[in-house]
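Chemist: For reference, the structure I am asking about is given below.
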Amino acid sequence: MVRRYSDADTHSLLVEGGVPARPNCYVDRPSELKKVRSALHLLKEGGGWVILHSLSGSGKSVLAAEAVRSADIISDYFPGGVYWVSVGQLDHSKLLTHMQNLCLRLGTDVQHLPNNVEQAKERLRQVFSRELPKSLLVLDDVWSTHVVKAFDIQCRILLTTRDSSITEVVSGPVHKVTLSPGLSKEQSLGAFAMWTERKVADLPPEASLIYKECRGLPLAITLIGALLKDHPNRWVFYLSKLRQRDMRRIKKMLAYEHQTLAEAIDMSISNLDPHNSKYYRDFAVFGDGMKIPTAVFCTLWDMGKEDVEDTMKTLSEKSLVYQQPRELGFDDFVYSVHDLQMDFLKLTCPDITALHRKLVEGYRHNSDGDFSLLPNDGYIHWFLLNHLLKARFYSEIIFLLLNLRFIESKVHVTGPADLLHDYIRYGRIVIHENLAKKKDFERFISINAHLLVGSEKPDLMQLALCQPSESEVYKQAYEIASGVCHSKDVYLDWCNKASVPNACLLTTKLHKGSVCYACFTPDGSKVFSAARDSVVKLWDAQAGQELFTFRGHKDSVNGCSLSANGQYLVTCSSDHTVKLWEVDKKLLEKIPEEVTDSPPIQEHRNPSPNIKDETTHPMFQDVALSMSTSDSEEDNAMHTFTGHTGDVYACAFSNSGDRIVTCSLDSSVRVWNAETYEQELIITGHKRAVNVCCFSPDDKTILSCSEDQTVCIWDAQIGELRLTYQGHDSAVTSASFSKDGLLVASSADDQIQIWEASTGKCRQTFYTNSGNAILCCSLSPDSSLVAGGLSSYSIQLWSMGTATTLAVYKGHTGWVYSLHFSPDGKQLMSASDDETVMIWAVQSERVSKCLSIRRDFSVNFCDKTGVTIAAPDFKNRVVVVQGDEATVQLQTNIEPSRIRCCTLSPDRTTVAYGSENGNLKVIRISSGVTSEGRPLKGHTATVRWATFSSNSQTLVTSSEDFTLRIWSIKDGSCIVCASHTDVVWRCQFFDNDMHILSCSSDGTLKVWKTETGMLEMTCAGHREWILCCDVSPDDKLLLSASVDCRLKLWSSQDGRLLRTFTGHSDCVRSCRFSRCSRLVASGDDQGFVFLWDVEEGLLRVLSKHEGWVTDVHFSADSQMVISASDTVKFWRQTSGELLQTFHIRGSFVKYVAPSTDFNTFVTVDNAGTLYILKRILPVV
């Protein structure tokens, strides 16, 4: 039996659901109420939407609340309750807060609130479908579609809005109710009677005349009624104000149907006391629709927080200001005014420039004249430059855009996209002599943008120190680091950076998964990127700011293509589907606004989504910027093509735009009609997965390449095979036509082949420098260049004319999956497994070769000659460089197999190196620039480690042949140490070179007599491989680190196990004693560094790297620790404080070598980049 609710029960239920109480001056509107309740009746049998829409101020919210204020309505339709959510203009983060609050109100798991909108949506869908199926959700004052989409949870929803079109994106039945915008005369008079606490019959005749002047608009009636409540005898006064004041100018400029609201607003303001009237008019300094935090008004009005809140309470009671809690976790409020009221304030502001100057000066005072010291109040970092512009403080804009301290302060709050838009927007203000500096700063932010969007913000000064030495960014960073750092601070100067060119223009990290594909729009100003996070994003190619997200696929999106007219996008996915989307052309046409120094930009009624006031701040984003809900069930595609039975790897429009071609893991190529959605062709000539497909420029043929090692050209109308190219002997990863359709570029293994589309004749073959696999390739628009994306994470660029390598671009930390030239051929875009997209400046001429070496390096520090480094390069040569600028001193001949270890003698005269084929060679550094090493024969497998004795006369090596060998440098003789039963990874001298320590995959440490090679002791106890070992500086202790997650401490005298250190939960890959022999550092594969006391055990855990910790070192005084992984980190040993993080260009480093004084450091990343780092010490 259905429960019947009493009036008291209904009241309690509505209060619990957050339904607003009936206003004190409630005006009954029976005809409108009937329409709403009739629509609610349609929700009785299931989910759907009732949409109440009308213009602002028409009383929608009051009617919605009244419609459910009925025991019969609750009993018959919504016995599960009514849940009210006040929405308003929400950005994405505020939307999540509202959804989290609703989850709390519904009693879901309070310990595990949803972390994002997608989780919240799914949580709410489950609650309403399983626990509250007969309830009603009310969304009041909805402004944008992203809110509607987030709450599209297949339940019963009542929604109020000014814009009925926002519900066109919802699922389920929609019932729209259009409300009358005005009250009747009787209703208006009734409202006045309630406000003035008298009978309608007792109202003066002016009441009817005021109604006529206001045309019954509920908001206007409410505003004037509130005035009359305080001054019930001012009927004639307010009527005369409406009639006599010359409001024609306002009426003409306010583009609203009910122009007379201006008169009501004007009277509401005039009725305030002088102070509050002045405060209210100050709202004109802000942009439309903004929610301004309390702290901003504290600055503007030079008030305390409590005084601001009291003032706002007064304004709110007069229906002039909206007040709401800031967000979860904050105890203050944000304030906004209705857009109608904001228009009035701006149009009647006597001196808007002075008002902006007032706000700017307030912030100047709060920051003691240094805007880089501004605290984050949630507003000013986003809008300071805009206020400076409108205050006509142009020189200050220039100063701040070129001030590293301010840039650091701003970017840590706003992120890089907003800052890059500032350089675009205010670029023309920068005078000629500062243009080079502006470009320095703009490029600095662009290439580091991916580092500046994470939750852990890097030290911007350290990033700036990696800029070219002639850059203004570097100069300011060096001055700051030299002037303010103390001996405990760590700032590093990358000494040899000039020898490491960087052609990167922009790095973006917008996806949460590998980026499979990225391409420019036809004008090159925007980018579409597809990724394994199941979405496609459209973003600005200059600032990297996201503009729109296409959702609907259930698995990785592998490719996308824009139609020639820019109206449609096709996407393909590992969910076996292809989707067709309509693209809003306005998104493609949006150009970041540039401003000139005179006159200032004018106020816009509906600003472009790239205008600062409306979108770059997270609270005020355009709808297009806010539609981002990862792996959501929402699907706004026009059509979904099904038919493939495997992952769909590529898709492309015909140049005419009426056909689509796709290819798949299922070995087929399919052609679809983009207008009728019918499948026109199935091409099944390939024997294995088809990786890429596209139309020829004339749409007459289709190109496809496959894992079956072939590239095929098919007739686009009938699917008949025209040509099969069989020049590759491995899977073909990529293929494309030249712009004129005459040539095809295809990649497989380590080569790109250029061949004639008509005959299949191969014209050119390009090979990678390093023999790495080519995963993708691209021809420039004029066919003068060809680029290949390599498995080594780099990009190689060749000249078609000279067949020479023009450049190698390094910066990605994962495989490069996609390459595309910009339409003008001046830029190259790469998409990578590392979740980033990078845009590069194309080199039209060959650049000078830069040093590129492997991570198995050796270094020697000398006060007189500087640093000397020996390392193998990617051509299997050993290179010796010297000095801070890494000048090449020696380069050996090419070895037949990869060099796996390299070591410098302490006297800096000799280099020894071992290879995978077991070859071991030594060479004198003085031999010449190009020399052949002297072979030392004996090892039969990969030589893994080599090290010299302190007198440089003896060399010890370890190998995968399970042996150590002790070599005499003088005559090349050796002693074989054979006792290990598996790979010997490392070895080192100790005890004044009288003994040698080795560690092995057999789980043991062994100690050998140097003179005889006799085994003196074996330390056995590990259950897995020992990857690292060390000897304490006092020669008393031995240390081993193992795959079994343990460190063990042994006596060097008798091999006794003294202590086992447990705590690591993954492989321990690195370990080191401190100089005092009392401390131990160890690094594991989870990215943690553990610090131990040899007597007491664990001291602390340093957290953390994002990759394996491959090396650790202590400073001489044991006060500092350095660790190597995906970054190089410096820690304070005594507290575990992270002092500095040095970001490398590659993805990880293997070793880092510090000088004895801990002021110089050398490392090499996996991309082959050498870093000679010198600590910047304070100026004394």
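Just so we're on the same page: first chain in the structure tokens is A, next is B, and so on; residues restart at 1 for each chain, and ligands are numbered from 1 in the order they show up.
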Which polymer residues have any atom within 8 Å of an atom of stretch 148-151 of chain A, counting only C-alpha atoms, with same-chain residues fewer than 4 positions away left out, as a list in words?
Modeler: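 What passes the distance filter is Val117, Glu118, Lys121, Val142, Ser144, Ile166, Thr167, Val169, Val170 and Glu634 of chain A.
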Chemist: What's the 12 Å shell around A:Ile702, counting only C-alpha atoms, without same-chain residues fewer than 5 positions away, as number ranges by chain?
Modeler: A: 651-655, 659-663, 669-671, 681, 683, 692-697, 711-724, 735-737, 741, 744, 757
Chemist: For C-alpha atoms, I'd like the residues from the last selection saved as an mmCIF file, in the first residue's frame.
Modeler:
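And here is the file that came out, selection-v1.cif:
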data_model
loop_
_atom_site.group_PDB
_atom_site.id
_atom_site.type_symbol
_atom_site.label_atom_id
_atom_site.label_comp_id
_atom_site.auth_asym_id
_atom_site.auth_seq_id
_atom_site.Cartn_x
_atom_site.Cartn_y
_atom_site.Cartn_z
ATOM 1 C CA CYS A 651 40.195 6.598 -40.068
ATOM 2 C CA ALA A 652 40.166 9.355 -42.673
ATOM 3 C CA PHE A 653 37.707 11.517 -44.578
ATOM 4 C CA SER A 654 37.817 11.711 -48.323
ATOM 5 C CA ASN A 655 38.866 15.134 -49.544
ATOM 6 C CA ARG A 659 33.151 9.263 -47.529
ATOM 7 C CA ILE A 660 35.157 7.763 -44.682
ATOM 8 C CA VAL A 661 37.770 5.016 -44.816
ATOM 9 C CA THR A 662 38.738 2.924 -41.769
ATOM 10 C CA CYS A 663 41.081 0.001 -41.105
ATOM 11 C CA VAL A 669 39.591 -1.776 -44.844
ATOM 12 C CA ARG A 670 36.068 -0.364 -44.937
ATOM 13 C CA VAL A 671 34.516 2.597 -46.707
ATOM 14 C CA LEU A 681 32.983 -1.263 -49.375
ATOM 15 C CA ILE A 683 38.301 -4.590 -48.641
ATOM 16 C CA VAL A 692 46.926 2.994 -41.539
ATOM 17 C CA CYS A 693 44.563 3.975 -44.347
ATOM 18 C CA CYS A 694 43.773 7.159 -46.273
ATOM 19 C CA PHE A 695 42.354 8.503 -49.533
ATOM 20 C CA SER A 696 44.556 9.847 -52.290
ATOM 21 C CA PRO A 697 44.323 13.627 -52.828
ATOM 22 C CA VAL A 711 51.383 -1.422 -48.667
ATOM 23 C CA CYS A 712 48.393 -1.545 -51.016
ATOM 24 C CA ILE A 713 46.643 0.955 -53.256
ATOM 25 C CA TRP A 714 42.980 0.198 -53.969
ATOM 26 C CA ASP A 715 40.350 1.593 -56.318
ATOM 27 C CA ALA A 716 38.217 3.796 -54.067
ATOM 28 C CA GLN A 717 34.982 3.055 -55.945
ATOM 29 C CA ILE A 718 35.034 -0.707 -56.330
ATOM 30 C CA GLY A 719 37.761 -1.801 -53.901
ATOM 31 C CA GLU A 720 39.869 -3.455 -56.591
ATOM 32 C CA LEU A 721 43.595 -3.819 -55.878
ATOM 33 C CA ARG A 722 45.627 -1.451 -58.059
ATOM 34 C CA LEU A 723 49.151 -1.944 -56.654
ATOM 35 C CA THR A 724 50.956 -3.870 -53.930
ATOM 36 C CA ALA A 735 52.102 5.134 -44.876
ATOM 37 C CA SER A 736 50.828 8.319 -46.495
ATOM 38 C CA PHE A 737 50.521 10.065 -49.856
ATOM 39 C CA GLY A 741 49.488 12.157 -54.684
ATOM 40 C CA VAL A 744 54.062 7.440 -50.945
ATOM 41 C CA ALA A 757 52.289 5.739 -56.218
#
Chemist: Need to verify the contact set: A:Ser1065, 12 Å, only C-alpha atoms, exclusion of same-chain residues closer than 2 positions in sequence. Can you return it as a short mmCIF file (atom, residue, chain, number, x, y, z; two decimals) with N, CA, C and O atoms, in the first residue's frame?
Modeler:
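Resulting contents of out10.cif:
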data_model
loop_
_atom_site.label_atom_id
_atom_site.label_comp_id
_atom_site.auth_asym_id
_atom_site.auth_seq_id
_atom_site.Cartn_x
_atom_site.Cartn_y
_atom_site.Cartn_z
N SER A 1042 69.34 -6.10 -3.09
CA SER A 1042 68.88 -7.25 -3.85
C SER A 1042 67.46 -7.10 -4.39
O SER A 1042 66.66 -6.29 -3.90
N VAL A 1043 67.17 -7.92 -5.37
CA VAL A 1043 65.82 -8.03 -5.91
C VAL A 1043 64.85 -8.55 -4.86
O VAL A 1043 63.63 -8.34 -4.96
N ASP A 1044 65.36 -9.18 -3.81
CA ASP A 1044 64.49 -9.71 -2.76
C ASP A 1044 63.98 -8.64 -1.80
O ASP A 1044 63.42 -8.95 -0.74
N CYS A 1045 64.17 -7.35 -2.15
CA CYS A 1045 63.68 -6.19 -1.39
C CYS A 1045 64.45 -5.93 -0.11
O CYS A 1045 63.97 -5.19 0.76
N ARG A 1046 65.62 -6.51 0.03
CA ARG A 1046 66.38 -6.36 1.26
C ARG A 1046 67.77 -5.79 1.01
O ARG A 1046 68.34 -5.96 -0.06
N LEU A 1047 68.28 -5.12 2.05
CA LEU A 1047 69.70 -4.76 2.10
C LEU A 1047 70.32 -5.58 3.22
O LEU A 1047 69.67 -5.84 4.25
N PHE A 1061 68.34 -5.12 6.55
CA PHE A 1061 67.43 -3.97 6.54
C PHE A 1061 66.18 -4.33 5.73
O PHE A 1061 66.28 -4.62 4.52
N THR A 1062 65.04 -4.32 6.36
CA THR A 1062 63.78 -4.61 5.67
C THR A 1062 62.88 -3.38 5.72
O THR A 1062 62.93 -2.60 6.67
N GLY A 1063 62.06 -3.23 4.72
CA GLY A 1063 61.17 -2.07 4.63
C GLY A 1063 60.79 -1.77 3.20
O GLY A 1063 59.68 -1.33 2.91
N CYS A 1067 62.07 -4.29 -5.57
CA CYS A 1067 63.49 -4.50 -5.83
C CYS A 1067 64.33 -3.31 -5.38
O CYS A 1067 64.04 -2.17 -5.71
N VAL A 1068 65.41 -3.59 -4.64
CA VAL A 1068 66.34 -2.54 -4.22
C VAL A 1068 67.46 -2.51 -5.25
O VAL A 1068 68.22 -3.46 -5.39
N ARG A 1069 67.54 -1.40 -5.97
CA ARG A 1069 68.42 -1.32 -7.14
C ARG A 1069 69.69 -0.52 -6.88
O ARG A 1069 70.66 -0.61 -7.65
N GLY A 1083 67.76 2.81 -2.78
CA GLY A 1083 66.65 3.20 -3.65
C GLY A 1083 65.98 1.98 -4.26
O GLY A 1083 66.66 1.01 -4.62
N ASP A 1084 64.64 2.04 -4.38
CA ASP A 1084 63.93 0.87 -4.89
C ASP A 1084 63.15 1.19 -6.16
O ASP A 1084 63.10 2.32 -6.62
N ASP A 1085 62.51 0.16 -6.70
CA ASP A 1085 61.80 0.30 -7.97
C ASP A 1085 60.44 0.97 -7.84
O ASP A 1085 59.78 1.21 -8.85
N GLN A 1086 60.02 1.26 -6.62
CA GLN A 1086 58.79 2.03 -6.45
C GLN A 1086 59.06 3.52 -6.35
O GLN A 1086 58.13 4.32 -6.22
N GLY A 1087 60.32 3.91 -6.42
CA GLY A 1087 60.68 5.31 -6.41
C GLY A 1087 61.04 5.88 -5.05
O GLY A 1087 61.27 7.08 -4.92
N PHE A 1088 61.12 5.03 -4.03
CA PHE A 1088 61.44 5.50 -2.68
C PHE A 1088 62.93 5.40 -2.40
O PHE A 1088 63.63 4.50 -2.88
N VAL A 1089 63.40 6.36 -1.59
CA VAL A 1089 64.77 6.32 -1.07
C VAL A 1089 64.68 6.13 0.44
O VAL A 1089 63.98 6.90 1.12
N PHE A 1090 65.36 5.12 0.95
CA PHE A 1090 65.37 4.84 2.38
C PHE A 1090 66.72 5.26 2.96
O PHE A 1090 67.77 5.02 2.35
#
Chemist: Hey, which of A:Ala773, A:Ala886, A:Leu1099, A:Leu401 ends up closest to A:Gly788? Count only C-alpha atoms.
Modeler: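 Among A:Ala773, A:Ala886, A:Leu1099, A:Leu401, it is A:Ala773 that comes nearest to A:Gly788.
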Chemist: Which value, in Å to one decimal, gives the distance between atom CA of A:Ser926 and atom CA of A:Ala946?
Modeler: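 The value is 20.4 Å.
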Chemist: Excluding stretch 407-414 of chain A and its own-chain neighbours fewer than 3 positions away, which residues fall within 10 Å of it when counting only C-alpha atoms? Please give them as JSON, numbers by chain.
Modeler: {"A": [371, 372, 373, 374, 375, 376, 377, 378, 379, 380, 381, 382, 384, 400, 401, 402, 403, 404, 417, 418, 419, 420, 441, 445, 449, 452, 453, 454, 455, 456, 457, 458, 459, 460, 461, 616, 617, 618]}
Chemist: From a DSSP calculation on the backbone, collect every residue of stretch 632-811 of chain A in strand (DSSP E or B) and output the set as a ChimeraX atom specification.
Modeler: /A:639-641,648-653,659-664,669-673,679-683,690-695,701-706,711-715,721-725,732-737,743-748,751-756,762-767,774-779,785-790,795-799,805-809
Chemist: Could you pull the residues within 8 Å of A:Thr10, counting only C-alpha atoms, minus those fewer than 6 positions along the same chain, as a count of residues only?
Modeler: 4
Chemist: Considering only C-alpha atoms, give me a table of residues in stretch 345-408 of chain A that are at most 10 Å from stretch 281-298 of chain A, with the closest atom pair and distance in Å for each, as CSV.
Modeler:
residue,atom,partner,partner_atom,distance
A:Leu345,CA,A:Ala284,CA,5.3
A:Lys346,CA,A:Ala284,CA,4.9
A:Leu347,CA,A:Ala284,CA,8.6
A:Thr348,CA,A:Arg281,CA,8.7
A:Cys349,CA,A:Ala284,CA,7.0
A:Pro350,CA,A:Arg281,CA,10.0
A:Ile352,CA,A:Val285,CA,6.9
A:Thr353,CA,A:Val285,CA,8.8
A:Ala354,CA,A:Val285,CA,9.6
A:Leu355,CA,A:Val285,CA,6.2
A:His356,CA,A:Val285,CA,6.0
A:Arg357,CA,A:Val285,CA,9.6
A:Lys358,CA,A:Val285,CA,9.5
A:Leu359,CA,A:Val285,CA,8.1
A:Gly362,CA,A:Cys298,CA,9.0
A:Tyr363,CA,A:Val296,CA,8.9
A:Asn376,CA,A:Ala295,CA,9.6
A:Asp377,CA,A:Ala295,CA,6.1
A:Gly378,CA,A:Pro293,CA,7.0
A:Tyr379,CA,A:Ile292,CA,7.2
A:Ile380,CA,A:Val296,CA,7.8
A:Phe383,CA,A:Phe286,CA,9.3
A:His387,CA,A:Val285,CA,8.2
A:Lys390,CA,A:Val285,CA,9.3
Chemist: Give me the residues near stretch 863-867 of chain A as a PDB file with C-alpha atoms, in the first residue's frame, where near means some atom within 6 Å (using only C-alpha atoms) and where sequence neighbours in that chain fewer than 2 positions away do not count.
Modeler:
ATOM      1  CA  ASN A 860      86.706  12.285 -13.256  1.00  0.00           C
ATOM      2  CA  PHE A 861      86.671  15.645 -11.455  1.00  0.00           C
ATOM      3  CA  GLN A 882      86.426  17.606 -21.169  1.00  0.00           C
ATOM      4  CA  GLY A 883      85.385  20.856 -19.510  1.00  0.00           C
TER       5      GLY A 883
END
Chemist: Considering only C-alpha atoms, return as a PyMOL selection string whatever protein or nucleic-acid residues lie within 7 Å of stretch 515-522 of chain A, sequence-local ones (same chain, fewer than 6 positions apart) excluded.
Modeler: chain A and resi 528-532+558-559+817-818+820+822-823+831-833+835-836
Chemist: I'd like the interatomic distance between atom CA of A:Gln1119 and atom CA of A:Gly1055, to a tenth of an Å.
Modeler: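 If I compute the distance from atom CA of A:Gln1119 to atom CA of A:Gly1055, I get 29.5 Å.
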